[in-house]
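Encoded as structure tokens, the structure appears first; notes follow it.
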Amino acid sequence: MDFTLSAEHQQLRRTLREFFEAEAPVDVIARFDRDEEFNSELYLKAARLGLSGLAFGEQYGGSDADQISICIAVEEIARASAALAYAWLPTATFCAKGVYRFGTEEQKKEILPQVAAGTLRLAMGLTEPEAGSDLTHLSTRAVRDGDDFVIRGQKVFTTGADTAGYIFAFVRTDPDAPASRGMSVLLVPTGAEGLTIRPLRKLAGQSTHTCEVFLNDVRVPKENLVGELGGGLSIIFELLDAERIYVGAQGTGLGQGALDLALKYAKERVQFGKPIIEHQAVGHMLADMAMDVQTARLITWQAAWRLDQGLDCTLEASMAKVHGSEAGTRCAARGMQILGGYSYMVEYGMERYWRETKLYEIAGGTNQIMRNVIAKHLGRS
Ligand SMILES: Cc1cc2nc3c(=O)[nH]c(=O)nc-3n(C[C@H](O)[C@H](O)[C@H](O)COP(=O)(O)OP(=O)(O)OC[C@H]3O[C@@H](n4cnc5c(N)ncnc54)[C@H](O)[C@@H]3O)c2cc1C
């Protein structure tokens, strides 16, 4: 077993760290979040570094990166800005990978080069008002009418829908079939007639809007079907395994960011005549943060490695998601304590991590659902 990162992985980490420290300092990210304005310039610059094409092949402008590279990229993005992660992940990993794995040649040629260039974003339209954790109960219907599908229903929490070109929408195509055969994925253009998008106010990452999407007899050509008719559930479940690993990586990156800030502060801040890191209680909090980051990274990379090997990774991805997100939350809470009153001030950046981290315990399958999955797997062995 070899735990060393390759020279390419180390270089990727260095390049991204330098890029985000230069392009996305705390005050810039805070300003975009405060103004709830999408930072399209940062998104484009990140795409020019090759970030948006990591999950698909060179023939479509991507680089078909291995999963450890994607995890490193996710960590560095989450360390810099959750809002950027919220726009980038659905586009560059979940939806682009979905098109790459299951889409037609026409869909790949049309969509993926634009995703790689950063000029097209995609949004994940899974969750509905009555179908959150239980996606098998979604009610948005797509009915075949001639050469089109006509879609009626509602999605909620569709992040980035208002700046996306397409929604990768999970819909019911056969109400009488079981979920495993009655649901499909359709690419719905956000400019389609009958589609309305309404951004919601939220706790963190506000510069990427999380939206309600209303579909009122929206017509999309049958060519926009991704994969087999009725094959949507297995597509979504496959993509969710990877997504859960990346949520673990987001928690890891956020935890690393909180640790870096807290460590620097604890070395500089003097109370009772010495830097606060020399007070054992503070040193122990930093030690706990470092252990959380390290274990989150390892459990995430193990799941990523299994995905790369083509091994089943549902159990490991669920563990990575739970541990990574909760490690991020513990790190942000300890970081707040170490910075004392200054943690509360926007300019220090710690309060942003503290707000951002909660989402990772909820989205991509709540940590309760993930624990159900883990327990079910344990029960089988
Ligand atoms: C900021 C934000 C961005 C998001 N972005 C997207 C997006 O881009 N696309 C998208 O499709 N979705 C998105 N989501 C939705 C997210 O994935 C869901 O919120 C999540 O899956 C949970 O669904 P729910 O909110 O309906 O909660 P519910 O499913 O109603 O759950 C409520 C509570 O009940 C618990 N619970 C439910 N069932 C069980 C059970 N069987 N066992 C134990 N506990 C259970 C849950 O763990 C949770 O604590 C986003 C959410 C947020 C907050």
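Ligands are numbered from 1 in the order shown, chains are lettered A, B, ... in the order of the structure tokens, and residues start at 1 in each chain.
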(Q) Neighbouring residues of Gln11 (chain A) were defined as those with any atom within 12 Å, considering only C-alpha atoms; residues of the same chain fewer than 6 positions away were excluded. Please report them as a ChimeraX atom specification. (A) /A:5,17-18,69,72-73
What are the closest atom pairs, with distances in Å to one decimal, for each residue of chain A lying within 9 Å of ligand 1, using only C-alpha atoms and all ligand atoms, rows by chain and rising residue number, as a tab-separated table?
residue	atom	partner	partner_atom_place_in_ligand_line	distance
A:Tyr86	CA	ligand 1	8 (O)	7.5
A:Ala87	CA	ligand 1	8 (O)	8.6
A:Pro90	CA	ligand 1	8 (O)	6.6
A:Ala123	CA	ligand 1	8 (O)	6.0
A:Met124	CA	ligand 1	9 (N)	4.4
A:Gly125	CA	ligand 1	11 (O)	4.5
A:Leu126	CA	ligand 1	11 (O)	3.4
A:Thr127	CA	ligand 1	11 (O)	3.9
A:Glu128	CA	ligand 1	26 (O)	7.2
A:Pro129	CA	ligand 1	26 (O)	6.6
A:Glu130	CA	ligand 1	26 (O)	6.9
A:Ala131	CA	ligand 1	26 (O)	5.9
A:Gly132	CA	ligand 1	26 (O)	3.2
A:Ser133	CA	ligand 1	29 (O)	3.6
A:Asp134	CA	ligand 1	29 (O)	6.2
A:Leu135	CA	ligand 1	21 (O)	8.3
A:Lys155	CA	ligand 1	11 (O)	7.5
A:Val156	CA	ligand 1	12 (N)	6.8
A:Phe157	CA	ligand 1	13 (C)	4.5
A:Thr158	CA	ligand 1	8 (O)	4.0
A:Thr159	CA	ligand 1	8 (O)	3.7
A:Gly160	CA	ligand 1	8 (O)	6.9
A:Ala161	CA	ligand 1	8 (O)	7.9
A:Ala169	CA	ligand 1	11 (O)	8.4
A:Phe170	CA	ligand 1	11 (O)	8.5
A:Lys202	CA	ligand 1	1 (C)	6.8
A:Leu203	CA	ligand 1	1 (C)	7.8
A:Ala204	CA	ligand 1	1 (C)	7.6
A:Gly205	CA	ligand 1	1 (C)	7.9
A:Gln206	CA	ligand 1	1 (C)	8.8
A:His209	CA	ligand 1	1 (C)	8.4
A:Thr210	CA	ligand 1	3 (C)	5.7
A:Cys211	CA	ligand 1	8 (O)	8.3
A:Lys358	CA	ligand 1	53 (C)	8.7
A:Leu359	CA	ligand 1	53 (C)	5.8
A:Tyr360	CA	ligand 1	53 (C)	8.8
A:Glu361	CA	ligand 1	47 (O)	8.9
A:Ile362	CA	ligand 1	20 (C)	5.4
A:Ala363	CA	ligand 1	17 (O)	3.7
A:Gly364	CA	ligand 1	17 (O)	4.7
A:Gly365	CA	ligand 1	21 (O)	4.7
A:Thr366	CA	ligand 1	47 (O)	4.7
A:Asn367	CA	ligand 1	47 (O)	6.2
A:Gln368	CA	ligand 1	47 (O)	4.4
A:Ile369	CA	ligand 1	42 (N)	5.4
A:Met370	CA	ligand 1	47 (O)	8.5
A:Arg371	CA	ligand 1	43 (C)	8.2
A:Asn372	CA	ligand 1	42 (N)	6.6
Q) Of the candidates A:His9, A:Arg297, A:Lys45, A:His279, which shows the shortest atom-to-atom distance to Glu23 (chain A), using only C-alpha atoms? A)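 When distances to Glu23 (chain A) are compared using only C-alpha atoms, the smallest one comes from A:Lys45.
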(Q) I'd like the neighbourhood of region 331-334 of chain A as a list in words, where a residue qualifies if any of its atoms comes within 9 Å (using only C-alpha atoms), though same-chain residues fewer than 2 positions away should be ignored. (A)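 Neighbouring residues, sequence-local ones excluded: Leu254, Gly255, Gln256, Gly257, Ala258, Leu259, Ala262, Met285, Leu286, Asp288, Met289, Ala290, Asp292, Val293, Glu326, Ala327, Gly328, Thr329, Met336, Gln337, Ile338, Leu339, Met350, Glu351, Arg352, Tyr353, Trp354, Arg355 and Thr357 of chain A.
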Those selected residues, please, written with N, CA, C and O atoms and delivered as a CSV table (one decimal), in the first residue's frame.
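That gives us result10.csv:
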chain,number,residue,atom,x,y,z
A,254,LEU,N,-13.1,21.9,3.3
A,254,LEU,CA,-13.5,23.0,4.3
A,254,LEU,C,-12.8,22.8,5.6
A,254,LEU,O,-12.3,23.8,6.2
A,255,GLY,N,-12.7,21.6,6.1
A,255,GLY,CA,-12.0,21.4,7.3
A,255,GLY,C,-10.5,21.8,7.2
A,255,GLY,O,-10.0,22.4,8.2
A,256,GLN,N,-9.9,21.6,6.1
A,256,GLN,CA,-8.5,22.0,5.9
A,256,GLN,C,-8.4,23.5,5.9
A,256,GLN,O,-7.5,24.1,6.6
A,257,GLY,N,-9.4,24.2,5.3
A,257,GLY,CA,-9.4,25.6,5.3
A,257,GLY,C,-9.5,26.2,6.7
A,257,GLY,O,-8.8,27.1,7.1
A,258,ALA,N,-10.4,25.6,7.5
A,258,ALA,CA,-10.7,26.0,8.9
A,258,ALA,C,-9.4,25.8,9.7
A,258,ALA,O,-9.0,26.6,10.5
A,259,LEU,N,-8.8,24.6,9.5
A,259,LEU,CA,-7.5,24.3,10.2
A,259,LEU,C,-6.4,25.3,9.9
A,259,LEU,O,-5.7,25.8,10.8
A,262,ALA,N,-7.2,28.6,11.5
A,262,ALA,CA,-7.1,28.6,13.0
A,262,ALA,C,-5.6,28.4,13.4
A,262,ALA,O,-5.2,29.0,14.4
A,285,MET,N,-7.4,21.4,20.5
A,285,MET,CA,-8.4,21.6,19.4
A,285,MET,C,-7.8,21.6,18.1
A,285,MET,O,-8.4,21.0,17.1
A,286,LEU,N,-6.6,22.1,17.9
A,286,LEU,CA,-6.0,22.1,16.6
A,286,LEU,C,-5.6,20.6,16.3
A,286,LEU,O,-5.7,20.2,15.1
A,288,ASP,N,-7.2,18.0,17.2
A,288,ASP,CA,-8.4,17.3,16.8
A,288,ASP,C,-8.8,17.6,15.4
A,288,ASP,O,-9.3,16.8,14.6
A,289,MET,N,-8.6,18.9,15.1
A,289,MET,CA,-9.0,19.3,13.7
A,289,MET,C,-8.1,18.6,12.7
A,289,MET,O,-8.5,18.1,11.6
A,290,ALA,N,-6.8,18.5,13.0
A,290,ALA,CA,-5.8,17.9,12.1
A,290,ALA,C,-6.2,16.4,11.9
A,290,ALA,O,-6.1,15.9,10.8
A,292,ASP,N,-9.2,15.1,12.2
A,292,ASP,CA,-10.4,15.0,11.4
A,292,ASP,C,-10.1,15.2,9.9
A,292,ASP,O,-10.7,14.5,9.1
A,293,VAL,N,-9.3,16.2,9.6
A,293,VAL,CA,-9.0,16.4,8.2
A,293,VAL,C,-8.3,15.2,7.6
A,293,VAL,O,-8.6,14.7,6.5
A,326,GLU,N,-19.1,15.6,8.5
A,326,GLU,CA,-19.1,15.8,10.0
A,326,GLU,C,-17.7,16.3,10.5
A,326,GLU,O,-17.6,17.1,11.4
A,327,ALA,N,-16.7,15.8,9.8
A,327,ALA,CA,-15.3,16.3,10.2
A,327,ALA,C,-15.3,17.8,9.8
A,327,ALA,O,-14.7,18.6,10.6
A,328,GLY,N,-15.8,18.2,8.7
A,328,GLY,CA,-15.8,19.6,8.3
A,328,GLY,C,-16.6,20.4,9.3
A,328,GLY,O,-16.1,21.5,9.7
A,329,THR,N,-17.7,19.9,9.8
A,329,THR,CA,-18.5,20.6,10.8
A,329,THR,C,-17.7,20.8,12.1
A,329,THR,O,-17.7,21.9,12.7
A,336,MET,N,-14.0,28.3,15.0
A,336,MET,CA,-14.8,29.4,15.6
A,336,MET,C,-14.3,29.7,17.0
A,336,MET,O,-14.0,30.8,17.4
A,337,GLN,N,-14.1,28.6,17.8
A,337,GLN,CA,-13.7,28.7,19.2
A,337,GLN,C,-12.3,29.3,19.3
A,337,GLN,O,-12.0,30.2,20.1
A,338,ILE,N,-11.4,28.8,18.4
A,338,ILE,CA,-10.0,29.3,18.5
A,338,ILE,C,-9.9,30.7,18.1
A,338,ILE,O,-9.1,31.5,18.7
A,339,LEU,N,-10.7,31.2,17.2
A,339,LEU,CA,-10.6,32.6,16.8
A,339,LEU,C,-11.3,33.5,17.8
A,339,LEU,O,-11.3,34.8,17.6
A,350,MET,N,-13.8,32.6,9.0
A,350,MET,CA,-14.2,31.4,9.7
A,350,MET,C,-15.7,31.2,9.8
A,350,MET,O,-16.2,30.1,9.6
A,351,GLU,N,-16.4,32.3,10.0
A,351,GLU,CA,-17.9,32.2,10.1
A,351,GLU,C,-18.5,31.7,8.8
A,351,GLU,O,-19.5,31.0,8.8
A,352,ARG,N,-17.8,31.9,7.7
A,352,ARG,CA,-18.3,31.4,6.4
A,352,ARG,C,-18.3,29.9,6.4
A,352,ARG,O,-19.2,29.2,6.0
A,353,TYR,N,-17.1,29.4,6.8
A,353,TYR,CA,-17.0,27.9,6.9
A,353,TYR,C,-18.1,27.3,7.8
A,353,TYR,O,-18.7,26.3,7.5
A,354,TRP,N,-18.3,28.0,8.9
A,354,TRP,CA,-19.3,27.5,9.9
A,354,TRP,C,-20.7,27.4,9.3
A,354,TRP,O,-21.4,26.5,9.6
A,355,ARG,N,-21.0,28.4,8.5
A,355,ARG,CA,-22.3,28.4,7.8
A,355,ARG,C,-22.4,27.4,6.7
A,355,ARG,O,-23.4,26.7,6.5
A,357,THR,N,-20.8,24.6,6.1
A,357,THR,CA,-20.5,23.2,6.4
A,357,THR,C,-21.8,22.4,6.6
A,357,THR,O,-21.9,21.2,6.3
Each region 150-244 of chain A residue no farther than 12 Å from region 48-65 of chain A, nearest pair in Å, only C-alpha atoms, as JSON lines:
{"residue": "A:Leu239", "atom": "CA", "partner": "A:Ala55", "partner_atom": "CA", "distance": 11.5}
{"residue": "A:Ala242", "atom": "CA", "partner": "A:Ala55", "partner_atom": "CA", "distance": 10.7}
{"residue": "A:Glu243", "atom": "CA", "partner": "A:Ala55", "partner_atom": "CA", "distance": 11.7}
May I have the selected residues written with C-alpha atoms, as a PDB file, in the first residue's frame?
ATOM      1  CA  LEU A 239     -23.907   9.175 -10.183  1.00  0.00           C
ATOM      2  CA  ALA A 242     -19.448   9.561  -6.913  1.00  0.00           C
ATOM      3  CA  GLU A 243     -21.275  12.647  -5.675  1.00  0.00           C
TER       4      GLU A 243
END
